[in-house]
>>> print(open('input_32.txt').read())   # compact mmCIF, C-alpha atoms and all ligand atoms
# COMPACT_ATOMS: atom_id res chain seq x y z
CA MET A 724 11.03 13.78 -4.45
CA PRO A 725 14.51 12.83 -3.12
CA ALA A 726 15.09 9.13 -2.40
CA VAL A 727 14.74 8.27 1.29
CA ALA A 728 17.44 5.59 1.07
CA GLU A 729 18.90 3.45 -1.67
CA GLY A 730 16.55 0.53 -2.27
CA VAL A 731 13.66 1.84 -0.15
CA TYR A 732 10.36 3.12 -1.59
CA THR A 733 10.16 6.88 -1.29
CA PRO A 734 6.73 7.88 0.07
CA GLN A 735 4.52 9.16 -2.74
CA GLU A 736 1.00 10.47 -3.25
CA ASP A 737 -0.42 7.05 -2.35
CA SER A 738 1.31 7.09 1.05
CA GLN A 739 0.08 10.63 1.76
CA LEU A 740 -3.48 9.91 0.65
CA LEU A 741 -3.67 7.00 3.08
CA ILE A 742 -2.18 9.05 5.91
CA ASP A 743 -4.71 11.83 5.27
CA VAL A 744 -7.67 9.42 5.27
CA MET A 745 -6.40 7.79 8.46
CA GLU A 746 -6.10 11.19 10.11
CA LYS A 747 -9.55 12.41 9.02
CA SER A 748 -11.15 9.16 10.17
CA GLY A 749 -9.55 9.39 13.63
CA LEU A 750 -9.23 5.60 13.47
CA ALA A 751 -5.65 5.42 14.72
CA ARG A 752 -6.42 7.10 18.02
CA GLN A 753 -5.97 4.70 20.96
CA SER A 754 -5.95 1.78 18.55
CA ARG A 755 -3.76 -1.25 18.00
CA VAL A 756 -2.49 -0.58 14.47
CA ALA A 757 -0.69 -2.78 11.93
CA ASP A 758 1.03 -1.22 8.90
CA LEU A 759 1.49 -3.93 6.27
CA CYS A 760 4.24 -3.27 3.67
CA THR A 761 5.65 -0.39 5.69
CA GLY A 762 8.64 0.57 3.49
CA SER A 763 10.21 3.64 5.10
CA GLY A 764 7.71 3.38 7.96
CA VAL A 765 6.02 6.63 7.02
CA ILE A 766 2.44 5.40 7.57
CA ALA A 767 3.28 3.55 10.78
CA ILE A 768 4.96 6.66 12.19
CA ALA A 769 1.93 8.76 11.19
CA ALA A 770 -0.33 6.30 13.02
CA ALA A 771 1.79 6.65 16.16
CA GLN A 772 1.70 10.44 15.84
CA GLN A 773 -2.07 10.29 15.43
CA GLY A 774 -2.35 8.71 18.87
CA ALA A 775 -2.26 4.96 18.28
CA ALA A 776 -1.92 2.84 21.41
CA GLU A 777 0.41 0.36 19.67
CA VAL A 778 1.83 0.19 16.16
CA SER A 779 3.39 -2.85 14.50
CA ALA A 780 4.92 -2.49 11.03
CA PHE A 781 5.95 -5.22 8.59
CA ASP A 782 8.06 -5.31 5.45
CA ILE A 783 9.64 -8.16 3.56
CA CYS A 784 12.73 -6.10 2.71
CA PRO A 785 15.42 -5.95 5.43
CA ARG A 786 16.78 -2.73 3.94
CA ALA A 787 13.37 -1.11 4.35
CA THR A 788 12.92 -2.32 7.92
CA ARG A 789 16.40 -1.08 8.87
CA TYR A 790 15.55 2.32 7.45
CA ALA A 791 12.09 2.31 9.05
CA ARG A 792 13.63 1.60 12.47
CA GLN A 793 15.95 4.58 12.05
CA GLN A 794 13.01 6.78 11.11
CA VAL A 795 10.96 5.54 14.05
CA SER A 796 13.81 6.37 16.37
CA LEU A 797 14.35 9.82 14.82
CA ALA A 798 10.64 10.57 15.16
CA GLY A 799 10.63 9.36 18.77
CA ALA A 800 7.67 7.20 17.81
CA ASP A 801 6.63 3.95 19.44
CA VAL A 802 6.51 1.49 16.52
CA ALA A 803 7.65 -2.15 16.48
CA VAL A 804 9.14 -2.85 13.05
CA HIS A 805 9.22 -6.49 11.94
CA VAL A 806 11.03 -7.94 8.96
CA GLY A 807 8.98 -10.47 7.01
CA SER A 808 5.86 -10.88 4.96
CA TRP A 809 2.76 -8.86 5.87
CA ALA A 810 1.28 -12.23 6.89
CA ARG A 811 3.50 -12.15 10.01
CA ALA A 812 1.05 -9.60 11.39
CA ALA A 813 -1.10 -12.56 12.47
CA GLU A 814 1.51 -13.31 15.16
CA PHE A 815 0.92 -10.00 16.90
CA GLY A 816 -2.77 -9.24 16.29
CA PRO A 817 -5.63 -8.69 16.44
CA TYR A 818 -5.71 -5.05 15.41
CA ASP A 819 -8.28 -2.29 15.58
CA LEU A 820 -6.81 -0.76 12.42
CA VAL A 821 -4.84 -2.33 9.58
CA VAL A 822 -3.33 0.10 7.04
CA SER A 823 -1.52 -0.82 3.86
CA ASN A 824 0.04 0.66 0.77
CA PRO A 825 1.07 -2.61 -0.87
CA PRO A 826 2.72 -3.20 -4.25
CA TYR A 827 -0.08 -2.90 -6.83
CA VAL A 828 1.45 -1.95 -10.18
CA PRO A 829 0.68 -4.38 -13.04
CA HIS A 830 3.67 -5.61 -14.97
CA ASP A 831 4.38 -7.97 -17.78
CA PRO A 832 6.14 -10.89 -16.09
CA SER A 833 7.83 -11.82 -19.38
CA VAL A 834 9.66 -8.48 -19.49
CA GLU A 835 12.86 -7.73 -17.57
CA GLY A 836 12.72 -5.26 -14.66
CA LEU A 837 12.78 -1.55 -15.43
CA ASP A 838 15.82 0.61 -14.96
CA MET A 839 14.32 3.25 -12.68
CA PRO A 840 15.72 6.21 -10.73
CA ALA A 841 16.58 5.49 -7.09
CA THR A 842 13.67 7.71 -5.97
CA VAL A 843 11.11 5.04 -6.85
CA GLY A 844 12.76 2.27 -4.84
CA PRO A 845 13.17 -1.38 -5.82
CA SER A 846 10.72 -3.11 -8.18
CA ARG A 847 9.44 -5.37 -5.41
CA ALA A 848 8.00 -2.22 -3.82
CA TRP A 849 5.53 -1.82 -6.68
CA ASP A 850 5.50 -4.75 -9.11
CA ALA A 851 2.54 -7.01 -8.42
CA GLY A 852 2.02 -9.37 -11.35
CA TYR A 853 0.07 -9.05 -14.57
CA ASP A 854 -3.04 -7.64 -12.89
CA GLY A 855 -1.34 -5.87 -9.99
CA ARG A 856 -3.03 -8.15 -7.48
CA LEU A 857 -0.18 -10.41 -6.35
CA VAL A 858 -0.26 -8.98 -2.82
CA LEU A 859 -3.78 -7.51 -2.85
CA ASP A 860 -5.59 -10.83 -3.33
CA PRO A 861 -4.05 -12.77 -0.41
CA LEU A 862 -4.19 -9.67 1.76
CA CYS A 863 -7.92 -9.20 1.10
CA ALA A 864 -8.53 -12.88 1.79
CA SER A 865 -6.75 -12.75 5.17
CA VAL A 866 -7.40 -9.34 6.62
CA LYS A 867 -10.58 -10.29 8.44
CA GLY A 868 -8.51 -12.66 10.59
CA LEU A 869 -6.15 -9.81 11.49
CA LEU A 870 -8.90 -7.48 12.64
CA ALA A 871 -10.46 -7.33 16.09
CA ARG A 872 -14.25 -7.16 16.25
CA GLY A 873 -15.24 -3.66 15.11
CA GLY A 874 -11.84 -3.22 13.42
CA THR A 875 -11.14 -1.48 10.12
CA MET A 876 -8.72 -1.77 7.24
CA LEU A 877 -7.65 1.23 5.14
CA LEU A 878 -5.90 0.27 1.91
CA VAL A 879 -4.62 2.38 -0.98
CA GLN A 880 -4.32 1.11 -4.55
CA SER A 881 -4.42 2.20 -8.17
CA GLU A 882 -7.32 1.89 -10.58
CA PHE A 883 -5.03 -0.39 -12.62
CA ALA A 884 -5.24 -3.09 -9.94
CA GLU A 885 -9.04 -3.11 -10.21
CA PRO A 886 -10.49 -1.72 -6.98
CA ARG A 887 -13.83 -3.46 -7.66
CA ARG A 888 -12.04 -6.80 -7.23
CA THR A 889 -10.74 -5.63 -3.87
CA LEU A 890 -14.26 -4.60 -2.85
CA ALA A 891 -15.66 -7.94 -3.99
CA ALA A 892 -12.95 -9.96 -2.21
CA LEU A 893 -13.49 -8.07 1.04
CA ALA A 894 -17.26 -8.40 0.80
CA ALA A 895 -16.87 -12.12 0.14
CA CYS A 896 -15.13 -12.38 3.54
CA GLY A 897 -18.01 -10.59 5.22
CA LEU A 898 -16.39 -7.17 5.52
CA ASP A 899 -18.31 -4.01 4.77
CA ALA A 900 -16.10 -2.34 2.13
CA GLU A 901 -16.29 0.92 0.20
CA ILE A 902 -14.10 3.46 -1.56
CA VAL A 903 -13.70 6.46 0.74
CA ALA A 904 -11.16 8.66 -1.10
CA TRP A 905 -9.92 9.28 -4.64
CA GLN A 906 -7.05 11.20 -6.18
CA TRP A 907 -5.92 11.66 -9.77
CA ILE A 908 -2.18 11.88 -10.23
CA PRO A 909 0.06 12.15 -13.28
CA PHE A 910 1.95 8.98 -14.24
CA GLY A 911 5.28 8.60 -12.45
CA PRO A 912 8.30 6.94 -14.05
CA VAL A 913 7.06 3.36 -13.57
CA LEU A 914 3.64 3.80 -15.18
CA SER A 915 5.10 6.02 -17.88
CA ALA A 916 7.39 3.15 -18.84
CA ARG A 917 4.41 0.74 -18.83
CA ALA A 918 1.89 3.02 -20.55
CA GLN A 919 2.22 1.45 -23.98
CA TRP A 920 1.82 -2.06 -22.52
CA LEU A 921 -1.27 -0.96 -20.57
CA GLU A 922 -2.69 0.51 -23.78
CA ASP A 923 -1.83 -2.63 -25.75
CA THR A 924 -3.56 -4.82 -23.15
CA GLY A 925 -6.68 -2.64 -23.21
CA ARG A 926 -6.35 -1.21 -19.72
CA LEU A 927 -5.49 2.37 -20.62
CA ASP A 928 -7.15 4.71 -23.08
CA PRO A 929 -4.69 5.80 -25.76
CA GLY A 930 -2.84 8.93 -24.72
CA ARG A 931 -4.12 9.10 -21.13
CA ARG A 932 -1.22 9.56 -18.73
CA GLU A 933 -2.83 9.91 -15.32
CA GLU A 934 -4.10 7.34 -12.88
CA GLU A 935 -6.69 7.32 -10.16
CA LEU A 936 -5.67 6.23 -6.69
CA VAL A 937 -8.36 5.08 -4.30
CA VAL A 938 -8.51 4.36 -0.60
CA ILE A 939 -10.73 1.45 0.37
CA ARG A 940 -12.16 1.13 3.85
CA ALA A 941 -13.31 -2.25 5.11
CA ASP A 942 -15.09 -2.69 8.45
CA LYS A 943 -15.52 -5.86 10.46
CA ALA A 944 -18.78 -6.03 12.41
C1 LIG B 1001 4.46 0.72 -2.38
S1 LIG B 1001 5.69 0.39 -1.13
C2 LIG B 1001 4.90 1.26 0.22
C3 LIG B 1001 5.83 1.64 1.34
C4 LIG B 1001 5.20 2.55 2.41
N1 LIG B 1001 4.04 1.92 3.03
C5 LIG B 1001 4.79 3.88 1.82
O1 LIG B 1001 3.61 4.14 1.66
O2 LIG B 1001 5.69 4.68 1.50
C6 LIG B 1001 5.36 -1.32 -0.79
C7 LIG B 1001 6.31 -2.01 0.23
O3 LIG B 1001 5.85 -3.37 0.35
C8 LIG B 1001 6.97 -4.21 0.60
N2 LIG B 1001 6.54 -5.57 0.28
C9 LIG B 1001 6.41 -6.17 -0.93
N3 LIG B 1001 5.91 -7.40 -0.80
C10 LIG B 1001 5.69 -7.59 0.53
C11 LIG B 1001 5.17 -8.68 1.30
N4 LIG B 1001 4.76 -9.79 0.73
N5 LIG B 1001 5.09 -8.53 2.66
C12 LIG B 1001 5.52 -7.38 3.24
N6 LIG B 1001 6.04 -6.33 2.56
C13 LIG B 1001 6.10 -6.42 1.23
C14 LIG B 1001 8.07 -3.61 -0.26
O4 LIG B 1001 9.33 -3.99 0.24
C15 LIG B 1001 7.77 -2.10 -0.12
O5 LIG B 1001 8.54 -1.54 0.92
>>> encode(input="input_32.txt", output="structure tokens")
Amino acid sequence: MPAVAEGVYTPQEDSQLLIDVMEKSGLARQSRVADLCTGSGVIAIAAAQQGAAEVSAFDICPRATRYARQQVSLAGADVAVHVGSWARAAEFGPYDLVVSNPPYVPHDPSVEGLDMPATVGPSRAWDAGYDGRLVLDPLCASVKGLLARGGTMLLVQSEFAEPRRTLAALAACGLDAEIVAWQWIPFGPVLSARAQWLEDTGRLDPGRREEELVVIRADKA
């Protein structure tokens, strides 16, 4: 896949899986939507195209938000793109739908960053601490406060960031959470480079080089 822009995460299978689930669910239609960790804006723009009433998108990387604004304008979509942490979404909520494809790739914090092709974007787009949960944990703990009554979150992550911990964290906040979609994909360049470390730390069966992505849906009563 060609890089969207230097230093911006190029939408991958995870982005598309989330867009597909959002479309099938019909949840964006006439909803106030927040896209947390928007990158190129691809999911936010899809939400607008699926009939959202309002879309707000957030990314900590100014390069990404600049690019997302260009894409929003090219698509003729109505999306407000904000630079800053996903937590800024609290300023503009509540939302009927929160969508997110956050960084979730485990990495060994004692090892220097990887030298990756431009197509995969900067390491902050995917690196998420030893267990891959650096963004997932605080996001799960806060999302209930972002949602309107009856609102829903759709979140995509890898098996390597332990989806059952996401389910447990969301349930602990009183949200009704379940896995609603799965997809097996071959390792990309980042996981290929980390495969040996994942094997050594007991998180990957020797020789396996594919990962399962899941989409988690969490509903607020
Ligand atoms: C895996 S990329 C996903 C981008 C886009 N949603 C997609 O699916 O193509 C994750 C994005 O999260 C952003 N990010 C990382 N930490 C963040 C944080 N704390 N708050 C907001 N955005 C963050 C990165 O800059 C990156 O653009």
>>> residues_near_ligand(input="input_32.txt", ligand="ligand LIG 1001 (chain B)", cutoff="7 Å", atoms="only C-alpha atoms and all ligand atoms", output="ChimeraX atom specification")
/A:731-735,737-738,759-766,781-784,787,807-810,823-826,847-849,858
>>> closest_residue(input="input_32.txt", among="A:Ala892, A:Ala751, A:Leu862, A:Val879", to="Gln739 (chain A)", atoms="only C-alpha atoms")
A:Val879
>>> atom_distance(input="input_32.txt", atom1="CA of Gly874 (chain A)", atom2="CA of Val802 (chain A)")
19.2 Å
>>> residues_around(input="input_32.txt", residues="Ser748 (chain A)", least_positions_apart="3", cutoff="12 Å", atoms="only C-alpha atoms", output="VMD selection string")
chain A and resid 741 to 745 751 to 752 770 773 820 875 to 877 903 to 904 940
>>> closest_residue(input="input_32.txt", among="A:Leu870, A:Val727, A:Ala918, A:Ile939", to="Arg888 (chain A)", atoms="all atoms listed in the file")
A:Ile939
>>> atom_distance(input="input_32.txt", atom1="CA of Val778 (chain A)", atom2="CA of Val937 (chain A)")
23.4 Å
>>> closest_residue(input="input_32.txt", among="A:Glu736, A:Glu814, A:Asp831, A:Glu922", to="Asp854 (chain A)", atoms="all atoms listed in the file")
A:Asp831
>>> atom_distance(input="input_32.txt", atom1="CA of Ser915 (chain A)", atom2="CA of Cys863 (chain A)")
27.6 Å
>>> closest_residue(input="input_32.txt", among="A:Leu921, A:Tyr818, A:Ser846, A:Ile768", to="Ser796 (chain A)", atoms="all atoms listed in the file")
A:Ile768
>>> closest_residue(input="input_32.txt", among="A:Val828, A:Ala891, A:Leu914, A:Ala757", to="Val804 (chain A)", atoms="all atoms listed in the file")
A:Ala757
>>> closest_residue(input="input_32.txt", among="A:Phe883, A:Phe815, A:Tyr853, A:Tyr790", to="Ala871 (chain A)", atoms="all atoms listed in the file")
A:Phe815
>>> residues_around(input="input_32.txt", residues="Lys867 (chain A)", least_positions_apart="6", cutoff="8 Å", atoms="all atoms listed in the file", output="list in words")
Cys896, Leu898 and Lys943 of chain A
>>> residues_around(input="input_32.txt", residues="Asp899 (chain A)", least_positions_apart="6", cutoff="9 Å", atoms="all atoms listed in the file", output="PDB file with C-alpha atoms, keeping the file's coordinate frame")
ATOM      1  CA  LEU A 890     -14.260  -4.600  -2.850  1.00  0.00           C
ATOM      2  CA  LEU A 893     -13.490  -8.070   1.040  1.00  0.00           C
ATOM      3  CA  ARG A 940     -12.160   1.130   3.850  1.00  0.00           C
ATOM      4  CA  ALA A 941     -13.310  -2.250   5.110  1.00  0.00           C
ATOM      5  CA  ASP A 942     -15.090  -2.690   8.450  1.00  0.00           C
ATOM      6  CA  LYS A 943     -15.520  -5.860  10.460  1.00  0.00           C
ATOM      7  CA  ALA A 944     -18.780  -6.030  12.410  1.00  0.00           C
TER       8      ALA A 944
END
